[in-house]
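Q: As input, take data_2.cif (mmCIF, C-alpha atoms):
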data_work
#
loop_
_atom_site.label_atom_id
_atom_site.label_comp_id
_atom_site.auth_asym_id
_atom_site.auth_seq_id
_atom_site.Cartn_x
_atom_site.Cartn_y
_atom_site.Cartn_z
CA MET A 130 22.19 3.53 14.51
CA PRO A 131 20.03 6.51 13.49
CA SER A 132 21.54 8.33 10.58
CA GLY A 133 20.71 11.00 8.04
CA GLY A 134 24.14 11.17 6.54
CA THR A 135 25.79 9.89 3.41
CA ALA A 136 23.66 8.17 0.82
CA PRO A 137 24.53 4.77 -0.59
CA SER A 138 26.47 4.91 -3.85
CA GLY A 139 24.25 6.37 -6.58
CA GLY A 140 21.42 7.06 -4.13
CA THR A 141 19.85 9.91 -2.23
CA ALA A 142 20.74 10.70 1.37
CA PRO A 143 17.89 9.54 3.63
CA LEU A 144 16.35 11.68 6.35
CA PRO A 145 17.66 11.47 9.91
CA GLY A 146 16.02 8.82 12.06
CA ALA A 147 14.32 11.43 14.26
CA ASP A 148 12.70 12.99 11.20
CA ALA A 149 11.52 9.58 10.01
CA VAL A 150 9.92 8.95 13.41
CA LEU A 151 8.22 12.35 13.36
CA ILE A 152 6.77 11.73 9.90
CA GLY A 153 5.59 8.33 11.10
CA LEU A 154 3.78 9.88 14.06
CA VAL A 155 2.09 12.42 11.79
CA ALA A 156 1.03 9.58 9.46
CA LEU A 157 -0.32 7.65 12.45
CA GLY A 158 -2.38 10.67 13.44
CA ILE A 159 -3.78 10.96 9.91
CA VAL A 160 -4.70 7.27 9.90
CA MET A 161 -6.40 7.50 13.31
CA ILE A 162 -8.23 10.85 12.97
CA PRO A 163 -11.78 10.09 11.74
CA PHE A 164 -12.21 12.96 9.26
CA LEU A 165 -8.76 12.38 7.69
CA TRP A 166 -8.95 8.58 7.52
CA PRO A 167 -11.27 8.43 4.45
CA MET A 168 -8.60 9.99 2.21
CA VAL A 169 -6.02 7.46 3.33
CA ARG A 170 -8.54 4.64 3.09
CA HIS A 171 -9.04 5.34 -0.62
CA LEU A 172 -5.26 5.04 -1.06
CA SER A 173 -5.29 1.78 0.87
CA VAL A 174 -8.07 0.38 -1.32
CA MET A 175 -6.04 1.26 -4.43
CA ALA A 176 -3.10 -0.67 -3.00
CA HIS A 177 -5.40 -3.55 -1.98
CA GLU A 178 -6.85 -4.01 -5.45
CA GLY A 179 -3.46 -3.35 -7.01
CA ALA A 180 -2.06 -6.23 -4.98
CA HIS A 181 -4.81 -8.55 -6.23
CA ALA A 182 -4.10 -7.46 -9.82
CA THR A 183 -0.32 -7.72 -9.55
CA THR A 184 -0.48 -11.14 -7.93
CA GLY A 185 -2.83 -12.34 -10.65
CA ILE A 186 -0.42 -11.18 -13.36
CA PHE A 187 2.50 -13.01 -11.75
CA LEU A 188 0.41 -16.19 -11.39
CA GLY A 189 -0.76 -16.14 -15.01
CA LEU A 190 -4.30 -14.91 -14.33
CA PRO A 191 -4.32 -11.30 -15.54
CA PRO A 192 -7.00 -8.88 -14.30
CA VAL A 193 -9.54 -7.49 -16.74
CA ARG A 194 -11.27 -4.86 -14.60
CA VAL A 195 -10.92 -3.03 -11.30
CA ASP A 196 -13.73 -1.18 -9.49
CA LEU A 197 -13.14 1.32 -6.69
CA ASN A 198 -16.25 2.38 -4.79
CA ARG A 199 -16.62 5.72 -3.05
CA GLU A 200 -19.61 4.92 -0.84
CA ASP A 201 -18.33 1.93 1.13
CA PHE A 202 -14.57 2.16 0.48
CA THR A 203 -14.47 -1.23 -1.20
CA GLY A 204 -13.06 -2.49 -4.46
CA LEU A 205 -13.39 -5.41 -6.82
CA THR A 206 -10.88 -6.95 -9.21
CA GLU A 207 -12.13 -9.27 -11.93
CA PHE A 208 -9.82 -11.73 -13.62
CA SER A 209 -9.68 -13.46 -16.99
CA GLY A 210 -10.57 -16.78 -15.39
CA PRO A 211 -12.10 -18.23 -12.22
CA LEU A 212 -10.29 -17.97 -8.90
CA SER A 213 -9.73 -21.54 -7.80
CA GLY A 214 -7.12 -23.77 -6.23
CA PRO A 215 -3.85 -22.48 -4.78
CA ARG A 216 -3.71 -19.65 -7.30
CA GLY A 217 -7.05 -18.27 -6.18
CA ILE A 218 -6.07 -18.56 -2.52
CA ILE A 219 -2.85 -16.62 -3.04
CA ILE A 220 -4.59 -13.88 -5.04
CA ALA A 221 -7.29 -13.48 -2.37
CA LEU A 222 -4.75 -13.60 0.44
CA MET A 223 -2.62 -10.80 -0.98
CA GLY A 224 -5.34 -8.11 -0.93
CA TYR A 225 -5.15 -7.13 2.73
CA LEU A 226 -1.38 -7.55 2.66
CA GLY A 227 -1.15 -5.25 -0.37
CA PRO A 228 -0.76 -1.82 1.28
CA SER A 229 1.80 -3.28 3.68
CA ALA A 230 3.69 -5.04 0.88
CA PHE A 231 3.91 -1.87 -1.19
CA GLY A 232 4.89 0.07 1.93
CA LEU A 233 7.57 -2.47 2.75
CA GLY A 234 8.97 -2.23 -0.76
CA ALA A 235 9.03 1.57 -0.47
CA ALA A 236 10.79 1.37 2.90
CA LYS A 237 13.46 -0.86 1.37
CA LEU A 238 14.01 1.64 -1.42
CA ILE A 239 14.40 4.38 1.19
CA GLU A 240 16.87 2.28 3.17
CA THR A 241 19.00 1.71 0.06
CA GLY A 242 19.05 5.42 -0.79
CA HIS A 243 16.43 5.41 -3.56
CA VAL A 244 14.07 7.78 -1.79
CA ILE A 245 12.76 9.68 -4.83
CA THR A 246 12.31 6.39 -6.70
CA VAL A 247 9.45 5.67 -4.27
CA LEU A 248 7.43 8.53 -5.79
CA TRP A 249 8.19 7.61 -9.41
CA LEU A 250 7.31 3.98 -8.77
CA ALA A 251 4.05 4.99 -7.06
CA ILE A 252 3.12 7.11 -10.08
CA PHE A 253 3.96 4.26 -12.46
CA LEU A 254 1.88 1.72 -10.49
CA LEU A 255 -1.08 4.09 -10.22
CA ALA A 256 -0.91 4.79 -13.96
CA ALA A 257 -0.90 1.04 -14.65
CA LEU A 258 -3.89 0.62 -12.34
CA LEU A 259 -5.73 3.37 -14.21
CA PHE A 260 -5.78 1.25 -17.37
CA LEU A 261 -7.82 -1.36 -15.49
CA ILE A 262 -10.28 0.98 -13.80
CA SER A 263 -13.89 0.58 -14.93
CA LYS A 264 -16.64 3.18 -14.66
CA SER A 265 -16.26 3.72 -10.94
CA PHE A 266 -14.92 6.25 -8.44
CA GLY A 267 -11.45 5.05 -9.35
CA ARG A 268 -11.59 7.13 -12.53
CA ILE A 269 -11.49 10.16 -10.25
CA SER A 270 -9.44 9.00 -7.26
CA VAL A 271 -6.56 7.38 -9.15
CA PRO A 272 -5.86 10.34 -11.50
CA PHE A 273 -6.17 12.65 -8.49
CA ALA A 274 -3.53 10.65 -6.61
CA ILE A 275 -1.22 10.70 -9.64
CA ALA A 276 -1.67 14.46 -10.09
CA LEU A 277 -1.00 15.07 -6.40
CA LEU A 278 2.27 13.15 -6.51
CA LEU A 279 3.35 14.95 -9.70
CA LEU A 280 2.62 18.31 -8.08
CA PHE A 281 4.74 17.43 -5.07
CA MET A 282 7.57 16.36 -7.35
CA HIS A 283 7.34 19.37 -9.67
CA TYR A 284 7.03 22.13 -7.10
CA GLY A 285 8.73 20.59 -4.11
CA HIS A 286 12.47 20.76 -3.50
CA GLU A 287 14.43 17.61 -2.73
CA GLY A 288 13.64 17.84 0.98
CA GLY A 289 9.93 18.06 0.24
CA GLU A 290 10.12 15.07 -2.08
CA LYS A 291 11.84 13.07 0.65
CA VAL A 292 9.16 13.97 3.19
CA THR A 293 6.47 12.97 0.68
CA ALA A 294 8.15 9.61 0.01
CA TYR A 295 8.48 8.87 3.73
CA GLY A 296 4.92 10.01 4.38
CA LEU A 297 3.50 7.84 1.60
CA THR A 298 5.44 4.84 2.88
CA TRP A 299 4.25 5.29 6.46
CA LEU A 300 0.64 5.77 5.31
CA LEU A 301 0.74 2.52 3.33
CA LEU A 302 2.23 0.59 6.25
CA LEU A 303 -0.09 2.01 8.91
CA SER A 304 -3.27 1.96 6.82
CA GLY A 305 -2.62 -1.72 6.13
CA VAL A 306 -2.92 -2.42 9.85
CA ARG A 307 -6.09 -0.39 10.26
CA MET A 308 -7.75 -2.01 7.25
CA ALA A 309 -6.89 -5.45 8.63
CA VAL A 310 -8.49 -4.49 11.93
CA ILE A 311 -11.72 -2.95 10.62
CA ARG A 312 -12.35 -5.17 7.60
CA GLY A 313 -10.16 -8.27 7.71
CA ALA A 314 -12.28 -11.07 9.19
CA ASN A 315 -15.53 -9.57 7.87
CA SER A 316 -14.31 -8.95 4.33
CA GLY A 317 -15.29 -10.59 1.10
CA ASP A 318 -11.75 -11.94 0.77
CA ALA A 319 -12.05 -13.70 4.13
CA GLU A 320 -15.42 -15.15 3.11
CA PHE A 321 -13.95 -16.42 -0.17
CA LEU A 322 -10.98 -17.99 1.62
CA ASN A 323 -13.32 -19.60 4.15
CA GLN A 324 -15.36 -21.16 1.34
CA VAL A 325 -12.30 -22.44 -0.49
CA THR A 326 -10.23 -23.70 2.45
CA ARG A 327 -12.89 -24.27 5.15
CA LEU A 328 -10.65 -22.35 7.54
CA PRO A 329 -12.49 -19.75 9.66
CA ARG A 330 -12.57 -16.14 8.51
CA GLN A 331 -11.16 -15.04 11.87
CA LEU A 332 -8.00 -17.03 11.14
CA TRP A 333 -7.44 -15.14 7.91
CA GLY A 334 -8.13 -11.87 9.71
CA LEU A 335 -5.48 -12.70 12.32
CA LEU A 336 -3.03 -13.67 9.60
CA TRP A 337 -3.53 -10.32 7.85
CA LEU A 338 -3.21 -8.44 11.14
CA ALA A 339 0.02 -10.23 12.03
CA GLY A 340 1.45 -9.62 8.56
CA THR A 341 0.61 -5.92 8.53
CA ILE A 342 2.01 -5.34 12.03
CA LEU A 343 5.20 -7.17 11.09
CA ALA A 344 5.50 -4.97 8.00
CA VAL A 345 5.28 -1.83 10.17
CA ILE A 346 8.03 -3.15 12.45
CA ILE A 347 10.37 -4.12 9.61
CA GLY A 348 9.61 -1.11 7.41
CA GLY A 349 9.89 1.27 10.34
CA LYS A 350 13.27 -0.20 11.25
CA TRP A 351 14.51 0.26 7.69
CA MET A 352 13.46 3.91 7.62
CA VAL A 353 14.42 4.90 11.15
CA LEU A 354 17.56 2.87 11.86
CA LEU A 355 18.78 2.53 8.26
CA SER A 356 20.78 -0.52 9.17
#
As a first step, turn the structure in this file into structure tokens.

A:
Amino acid sequence: MPSGGTAPSGGTAPLPGADAVLIGLVALGIVMIPFLWPMVRHLSVMAHEGAHATTGIFLGLPPVRVDLNREDFTGLTEFSGPLSGPRGIIIALMGYLGPSAFGLGAAKLIETGHVITVLWLAIFLLAALLFLISKSFGRISVPFAIALLLLFMHYGHEGGEKVTAYGLTWLLLLSGVRMAVIRGANSGDAEFLNQVTRLPRQLWGLLWLAGTILAVIIGGKWMVLLS
């Protein structure tokens, strides 16, 4: 049932379910409003390339460079070896699931009472990404995102930090869906997967769309119902 009461042991009390829904609706508006979407899209691209990089590390193929482009809202992650076989498929697949995966992880932290941890973890992951950024727009956008989060944490009271954590989580979840819709089947990742597996790009686009929508449902339940 909706609750904004006692926090789990050692955690921070979450926001009431109604507040979580309201923040989600505001985040949806930001994602859907044309002149606000570009700011969120840059965040989504960071998460996208971060997912490629993180997956590569776990699969033993560490990234060597990440580009983030301002003009077309795209990114590129280069690895220490060629992308081939099952490992290459998994790395390519994770890109458009990245924002949703990070959002889902954040929602789980919120559900378990670690609301502020969401912000610290976001700062840590962005700082790690910064070490991989080449001479691209990412050298501006990633430090800006880190500075913005630090400002919210330094000057905001606990309630403000909670709202920021919820807002960031909703933006990751919802932007994942929009990116899957506008880029999925026509993306470079879909083309790569089509070449490697011979499966149509539209199939990969549908898979990403289904995964991102499912993440919104599950993550939203964790934040709103806290069950």

Q: Calculated over only C-alpha atoms, which of the candidates A:Val193, A:Asp148, A:Phe281, A:Met308 has the smallest distance to Tyr295 of chain A?

A: A:Asp148

Q: May I have the residues within 8 Å of Ser173 of chain A as a list in words, using all atoms listed in the file and disregarding those fewer than 4 positions away in the same chain?

A: Val169, His177, Pro228, Leu301, Ser304, Gly305 and Met308 of chain A

Q: Can you tell me which residues surround Val150 of chain A at a distance of at most 9 Å, considering all atoms listed in the file, apart from same-chain residues fewer than 6 positions away, and format the answer as a ChimeraX atom specification?

A: /A:349,352-353

Q: Env of Thr298 of chain A: 7 Å cut, atoms = all atoms listed in the file, seq-sep filter 5 positions within chain, self excluded. Answer as a ChimeraX atom specification.

A: /A:232,235-236

Q: Write a file of the selected residues as a short mmCIF file (atom, residue, chain, number, x, y, z; two decimals), in the coordinates of the input, keeping C-alpha atoms.

A:
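result_35.cif, freshly written:
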data_model
loop_
_atom_site.label_atom_id
_atom_site.label_comp_id
_atom_site.auth_asym_id
_atom_site.auth_seq_id
_atom_site.Cartn_x
_atom_site.Cartn_y
_atom_site.Cartn_z
CA GLY A 232 4.89 0.07 1.93
CA ALA A 235 9.03 1.57 -0.47
CA ALA A 236 10.79 1.37 2.90
#

Q: What's around Asn198 of chain A at 9 Å? Count only C-alpha atoms, leave out sequence neighbours fewer than 6 positions away in its own chain, and write the answer as number ranges by chain.

A: A: 171, 204-205, 265-267

Q: Distance atom CA of Ile269 of chain A-atom CA of Leu157 of chain A, one decimal place?

A: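 Pair atom CA of Ile269 of chain A / atom CA of Leu157 of chain A returns 25.4 Å.
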
Q: Pick the closest to Tyr225 of chain A from A:Met161, A:Val174, A:Leu343, A:Ala147: which is it, counting only C-alpha atoms?

A: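 Looking only at the distances to Tyr225 of chain A, the closest residue turns out to be A:Val174.
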
Q: Can you work out the spacing between atom CA of Ala339 of chain A and atom CA of Leu226 of chain A in Å, to one decimal?

A: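 For atom CA of Ala339 of chain A relative to atom CA of Leu226 of chain A, the distance reads 9.8 Å.
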
Q: With distances taken over all atoms listed in the file, which of A:Glu207, A:Arg327, A:Thr341, A:Leu279 is nearest to Thr293 of chain A?

A: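 Going through A:Glu207, A:Arg327, A:Thr341, A:Leu279 one by one, the smallest distance to Thr293 of chain A is for A:Leu279.
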
Q: So that I can check the surroundings of segment 208-210 of chain A, please list as a ChimeraX atom specification every protein, DNA and RNA residue that reaches within 8 Å of it, counting only C-alpha atoms and ignoring chain neighbours fewer than 5 positions away.

A: /A:185,190-194

Q: Let me have the centre and edge lengths in Å, one decimal, of the box along x, y and z around every listed atom of segment 183-196 of chain A with 3 Å of margin on each side, as JSON.

A:
{"center_x": -5.6, "center_y": -8.7, "center_z": -12.3, "size_x": 22.2, "size_y": 21.0, "size_z": 14.8}

Q: Choose the residue, out of A:Leu302, A:Ala309, A:Met282, A:Leu354, that has the smallest atom-to-atom separation from Leu335 of chain A; count all atoms listed in the file.

A: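 Checking each of A:Leu302, A:Ala309, A:Met282, A:Leu354 against Leu335 of chain A, counting all atoms listed in the file, the winner is A:Ala309.
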
Q: Which is closer to Lys350 of chain A than all the others in A:Asp201, A:Glu240, A:Glu287, A:Glu320, using all atoms listed in the file?

A: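 Counting all atoms listed in the file, the residue closest to Lys350 of chain A is A:Glu240.
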
Q: Measuring between all atoms listed in the file, which one of A:Met175, A:Ala257, A:Leu303, A:Ile245 shows the shortest distance to Ile346 of chain A?

A: A:Leu303

Q: Would you please take segment 194-280 of chain A of the structure in the block above and write C-alpha atoms to a file as a compact mmCIF listing (two decimals), in the first residue's frame?

A:
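Okay, decode30.txt is ready:
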# COMPACT_ATOMS: atom_id res chain seq x y z
CA ARG A 194 37.17 5.70 -24.98
CA VAL A 195 33.70 7.21 -24.87
CA ASP A 196 32.43 9.99 -27.15
CA LEU A 197 29.31 12.04 -26.44
CA ASN A 198 28.12 14.21 -29.31
CA ARG A 199 26.15 17.41 -28.85
CA GLU A 200 24.84 17.84 -32.40
CA ASP A 201 22.97 14.57 -32.92
CA PHE A 202 22.65 13.31 -29.32
CA THR A 203 24.64 10.17 -30.06
CA GLY A 204 27.57 8.49 -28.40
CA LEU A 205 30.26 5.95 -29.16
CA THR A 206 32.12 3.57 -26.87
CA GLU A 207 35.31 1.96 -28.12
CA PHE A 208 36.66 -1.20 -26.54
CA SER A 209 40.06 -2.82 -26.16
CA GLY A 210 39.12 -5.54 -28.63
CA PRO A 211 36.60 -6.29 -31.38
CA LEU A 212 32.93 -6.79 -30.58
CA SER A 213 32.14 -10.31 -31.72
CA GLY A 214 30.25 -13.40 -30.67
CA PRO A 215 27.90 -13.51 -27.68
CA ARG A 216 29.98 -10.95 -25.80
CA GLY A 217 29.56 -8.37 -28.55
CA ILE A 218 25.82 -9.06 -28.78
CA ILE A 219 25.32 -8.53 -25.05
CA ILE A 220 27.35 -5.31 -25.03
CA ALA A 221 25.40 -3.91 -27.99
CA LEU A 222 22.08 -5.04 -26.54
CA MET A 223 22.62 -3.28 -23.21
CA GLY A 224 22.93 0.25 -24.63
CA TYR A 225 19.24 1.05 -25.08
CA LEU A 226 18.43 -0.82 -21.87
CA GLY A 227 21.04 1.23 -19.99
CA PRO A 228 18.96 4.22 -18.80
CA SER A 229 16.19 1.85 -17.72
CA ALA A 230 18.62 -0.49 -15.96
CA PHE A 231 20.20 2.36 -14.01
CA GLY A 232 16.73 3.73 -13.25
CA LEU A 233 15.58 0.33 -12.06
CA GLY A 234 18.60 0.04 -9.78
CA ALA A 235 17.87 3.50 -8.37
CA ALA A 236 14.22 2.59 -7.79
CA LYS A 237 15.29 -0.49 -5.86
CA LEU A 238 17.56 1.62 -3.67
CA ILE A 239 14.63 3.96 -3.00
CA GLU A 240 12.36 1.04 -2.13
CA THR A 241 14.90 -0.29 0.38
CA GLY A 242 15.29 3.11 2.04
CA HIS A 243 18.59 4.15 0.47
CA VAL A 244 17.20 7.25 -1.21
CA ILE A 245 20.23 9.53 -0.84
CA THR A 246 22.52 6.70 -1.97
CA VAL A 247 20.96 7.14 -5.43
CA LEU A 248 22.59 10.57 -5.73
CA TRP A 249 25.99 9.46 -4.43
CA LEU A 250 26.00 6.47 -6.75
CA ALA A 251 25.04 8.66 -9.72
CA ILE A 252 27.93 11.01 -8.93
CA PHE A 253 30.35 8.07 -8.63
CA LEU A 254 29.25 6.54 -11.95
CA LEU A 255 29.44 9.88 -13.76
CA ALA A 256 32.92 10.49 -12.34
CA ALA A 257 34.00 7.04 -13.55
CA LEU A 258 32.57 7.81 -16.99
CA LEU A 259 34.50 11.08 -17.08
CA PHE A 260 37.79 9.17 -17.06
CA LEU A 261 36.78 7.56 -20.37
CA ILE A 262 35.49 10.67 -22.11
CA SER A 263 37.50 11.73 -25.16
CA LYS A 264 37.62 15.20 -26.70
CA SER A 265 33.88 15.51 -27.16
CA PHE A 266 30.87 17.29 -25.70
CA GLY A 267 31.03 14.83 -22.83
CA ARG A 268 33.89 16.82 -21.31
CA ILE A 269 31.33 19.56 -20.69
CA SER A 270 28.08 17.65 -20.12
CA VAL A 271 29.38 15.05 -17.67
CA PRO A 272 31.13 17.52 -15.30
CA PHE A 273 28.04 19.74 -15.51
CA ALA A 274 25.82 16.84 -14.44
CA ILE A 275 28.17 16.00 -11.55
CA ALA A 276 28.28 19.65 -10.42
CA LEU A 277 24.49 19.91 -10.58
CA LEU A 278 24.02 16.86 -8.37
CA LEU A 279 26.62 18.12 -5.89
CA LEU A 280 24.86 21.48 -5.70
